[in-house]
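Colleague: Sharing a structure below in structure tokens format, with a few things to ask.
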Amino acid sequence: MAKRFGILTSGGDCPGLNAVIRGAVLKGETVYGHEFVGFRDGWYGLVYGDIMELDRSVVRGLSNQGGTILGTSRFGPYSEPDGGPDAIKKVLKNLGIDGVIAIGGEGTASAAKRLYTDGINIVGVPKTIDNDINATDYTFGFDTAVNIATEAIDRLRTTGNSHKRCMVLEVMGRHAGWIALHSGIAGGAHAILIPEQPESMNQICAWVTSVKNRGRAPMVVVAEGFKLPDMGEAHSTKGLDGFNRPRLGGIAEVLAPMIEERTGIETRATVLGHIQRGGTPTSFDRVLATRMGMATADLVADKYWGHMIALRGTEMHRITFDEALANPKTVPLDQYQEIRVIFG
């Protein structure tokens with residue numbers, strides 16, 4: 001009898017999610033004769049048994065589509081009265097599902113680890129545009145976010161040059177500044193501000209002034225989680241998200257008037273926001289996501305429950321949830337210092 005597996009996408013959406021789904025279904029069907037369903041809206045679909053059938057015809061042509069055909073949410077498998085392992089086991093038994101593939105970031109992996117400990121057959125696929133999962137070299141969605149941010153820098157530079165303004169671009173990155181670092185390097189930013197390394201306003205303004213004195217329009221890239229040395233917490237005025245974390249955003253709009261006041265240089269802020277994780281994935285992310293999906297089909301076929309897929313070098317590896325969650329991958333000081341010497 002064919003094995004039957006359920007797939008869900010949880011947390012923030014990300015370019016490449018559909019390619020993972022497609023890769024898992026195509027290889028699972030073709031090589032192992034497995035059947036697949038999708039749980040709608042993340043953990044909600046798993047808790048309440050809300051599914052859609054997934055086969056070759058459904059996933060055809062998905063690799064170039066952003067978002068997720070399954071939908072996603074901040075719903076937690078333990079946070080609702082109807083949730084918990086016993087309820088989920090009943091749902092899986094009633095639907096004839098042998099195991100679950102959970103595609104998501106740190107919060108999803110933490111929930112999956114707990115469910116595995118409570119006796120649920122579950123595996124994971126790491127997803128985050130922040131690229132901050134230490135056990136894998138890259139996560140899909142990161143390359144797309146960097147490309148979008150780089151294009152934004154290129155576009156802002158032309159208007160900055162035209163008006164001789166300082167342009168401050170805010171990109172995503174709560175605890176890790178990988179998007180800011182990579183897009184800033186690619187776009188030739190004159191200062192890159194990341195959560196891992198506080199910089200003073202005096203230093204930021206010195207870089208901006210140096211650029212202006214050379215007849216250039218300064219370009220500053222800042223991650224949403226960046227803090228000035230005297231800031232206790234990252235800038236947040238939008239309440240809490242579904243995981244009770246402060247909703248970040250707006251640090252660029254704090255820095256811009258401070259830069260203008262101290263330097264006398266007209267300064268404008270742009271918050272890139274959700275544009276970074278929407279739209280069509282890059283070819284790199286399509287390939288990576290497809291390979292991760294296919295590797296996950298192997299994972300469930302081998303009953304490697306409690307594991308996730310990770311990219312190391314050019315090869316796919318199997319890691320435990322504990323390995324995936326052990327330490328977040330942040331920008332090392334030496335890597336930041338390597339670029340910092342050319343700021344200004």
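Residues in the structure tokens are named by chain (A, B, ... in the order shown) and by number from 1 within that chain; ligands are numbered from 1 in the order shown.
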Could you build a table of the residues in region 102-177 of chain A lying no more than 9 Å from region 216-222 of chain A, giving for each the nearest pair of atoms and their separation in Å rounded to one decimal place, using only C-alpha atoms, ordered by chain and ascending residue number, as JSON lines?

Modeller:
{"residue": "A:Ile153", "atom": "CA", "partner": "A:Met219", "partner_atom": "CA", "distance": 7.8}
{"residue": "A:Leu156", "atom": "CA", "partner": "A:Met219", "partner_atom": "CA", "distance": 8.2}
{"residue": "A:Arg157", "atom": "CA", "partner": "A:Met219", "partner_atom": "CA", "distance": 7.0}
{"residue": "A:Gly160", "atom": "CA", "partner": "A:Ala217", "partner_atom": "CA", "distance": 5.7}
{"residue": "A:Asn161", "atom": "CA", "partner": "A:Ala217", "partner_atom": "CA", "distance": 5.2}
{"residue": "A:Ser162", "atom": "CA", "partner": "A:Ala217", "partner_atom": "CA", "distance": 8.6}
{"residue": "A:His163", "atom": "CA", "partner": "A:Ala217", "partner_atom": "CA", "distance": 8.3}
{"residue": "A:Lys164", "atom": "CA", "partner": "A:Ala217", "partner_atom": "CA", "distance": 5.2}
{"residue": "A:Arg165", "atom": "CA", "partner": "A:Ala217", "partner_atom": "CA", "distance": 5.6}
{"residue": "A:Cys166", "atom": "CA", "partner": "A:Pro218", "partner_atom": "CA", "distance": 4.6}
{"residue": "A:Met167", "atom": "CA", "partner": "A:Met219", "partner_atom": "CA", "distance": 5.1}
{"residue": "A:Val168", "atom": "CA", "partner": "A:Val220", "partner_atom": "CA", "distance": 4.7}
{"residue": "A:Leu169", "atom": "CA", "partner": "A:Val221", "partner_atom": "CA", "distance": 4.9}
{"residue": "A:Glu170", "atom": "CA", "partner": "A:Val222", "partner_atom": "CA", "distance": 4.9}
{"residue": "A:Val171", "atom": "CA", "partner": "A:Val222", "partner_atom": "CA", "distance": 6.3}
{"residue": "A:Met172", "atom": "CA", "partner": "A:Val222", "partner_atom": "CA", "distance": 8.5}
{"residue": "A:Gly173", "atom": "CA", "partner": "A:Val222", "partner_atom": "CA", "distance": 9.0}
{"residue": "A:Gly177", "atom": "CA", "partner": "A:Val222", "partner_atom": "CA", "distance": 8.4}

Colleague: Within 8 Å of Arg56 (chain A), counting only C-alpha atoms, which residues qualify if same-chain residues fewer than 5 places away don't, as a ChimeraX atom specification?

Modeller: /A:22,25-26,29

Colleague: Convert the current residue selection to file output with N, CA, C and O atoms, as a PDB file, in the first residue's frame.

Modeller:
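Below is the file that was written, out30.pdb:
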ATOM      1  N   ARG A  22       6.803  21.061  -5.018  1.00  0.00           N
ATOM      2  CA  ARG A  22       6.886  20.385  -6.321  1.00  0.00           C
ATOM      3  C   ARG A  22       7.958  19.298  -6.313  1.00  0.00           C
ATOM      4  O   ARG A  22       7.716  18.162  -6.757  1.00  0.00           O
ATOM      5  N   VAL A  25       6.862  16.222  -4.161  1.00  0.00           N
ATOM      6  CA  VAL A  25       5.771  15.445  -4.761  1.00  0.00           C
ATOM      7  C   VAL A  25       6.253  14.681  -5.992  1.00  0.00           C
ATOM      8  O   VAL A  25       5.960  13.482  -6.149  1.00  0.00           O
ATOM      9  N   LEU A  26       7.004  15.354  -6.852  1.00  0.00           N
ATOM     10  CA  LEU A  26       7.436  14.689  -8.085  1.00  0.00           C
ATOM     11  C   LEU A  26       8.352  13.505  -7.796  1.00  0.00           C
ATOM     12  O   LEU A  26       8.176  12.423  -8.362  1.00  0.00           O
ATOM     13  N   GLU A  29       6.361  10.667  -5.810  1.00  0.00           N
ATOM     14  CA  GLU A  29       5.478   9.886  -6.693  1.00  0.00           C
ATOM     15  C   GLU A  29       6.280   8.991  -7.627  1.00  0.00           C
ATOM     16  O   GLU A  29       6.017   7.797  -7.766  1.00  0.00           O
TER      17      GLU A  29
END

Colleague: Between A:Ile101, A:Lys93, A:Ile122, A:Thr9, which residue has the minimum interatomic distance to Met294 (chain A), considering only C-alpha atoms?

Modeller: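 The closest residue to Met294 (chain A) is A:Ile101.
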
Colleague: Considering only strand (DSSP E or B) as DSSP defines it on the backbone, what residues of region 98-153 of chain A qualify? List them as a list in words.

Modeller: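 Answer for region 98-153 of chain A restricted to strand (DSSP E or B) is Gly99, Val100, Ile101, Ala102, Ile103, Gly104, Ile122, Val123, Gly124, Val125, Pro126 and Ile133 of chain A.
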
Colleague: Produce a file of the selected residues containing C-alpha atoms, as a PDB file, in the first residue's frame.

Modeller:
ATOM      1  CA  GLY A  99       4.102  11.449   8.307  1.00  0.00           C
ATOM      2  CA  VAL A 100       4.387  15.215   7.980  1.00  0.00           C
ATOM      3  CA  ILE A 101       6.799  17.460   6.070  1.00  0.00           C
ATOM      4  CA  ALA A 102       6.973  20.885   7.737  1.00  0.00           C
ATOM      5  CA  ILE A 103       8.550  23.687   5.695  1.00  0.00           C
ATOM      6  CA  GLY A 104       9.412  26.722   7.775  1.00  0.00           C
ATOM      7  CA  ILE A 122       7.675  14.615  11.144  1.00  0.00           C
ATOM      8  CA  VAL A 123      10.603  16.013   9.147  1.00  0.00           C
ATOM      9  CA  GLY A 124      11.543  19.569   8.240  1.00  0.00           C
ATOM     10  CA  VAL A 125      12.799  21.805   5.458  1.00  0.00           C
ATOM     11  CA  PRO A 126      14.579  25.018   6.575  1.00  0.00           C
ATOM     12  CA  ILE A 133      19.985  28.789  10.303  1.00  0.00           C
TER      13      ILE A 133
END

Colleague: Using only C-alpha atoms, which residue out of A:Met316, A:Ile129, A:Met292, A:Ile342 lies closest to Ala24 (chain A)?

Modeller: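 Going through A:Met316, A:Ile129, A:Met292, A:Ile342 one by one, the smallest distance to Ala24 (chain A) is for A:Met292.
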
Colleague: How far is it from CA of Leu54 (chain A) to CA of Thr128 (chain A), in Å with one decimal?

Modeller: 23.5 Å

Colleague: Between CA of Ala252 (chain A) and CA of Gly273 (chain A), what is the distance, to one decimal in Å?

Modeller: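 It comes out at 11.4 Å.
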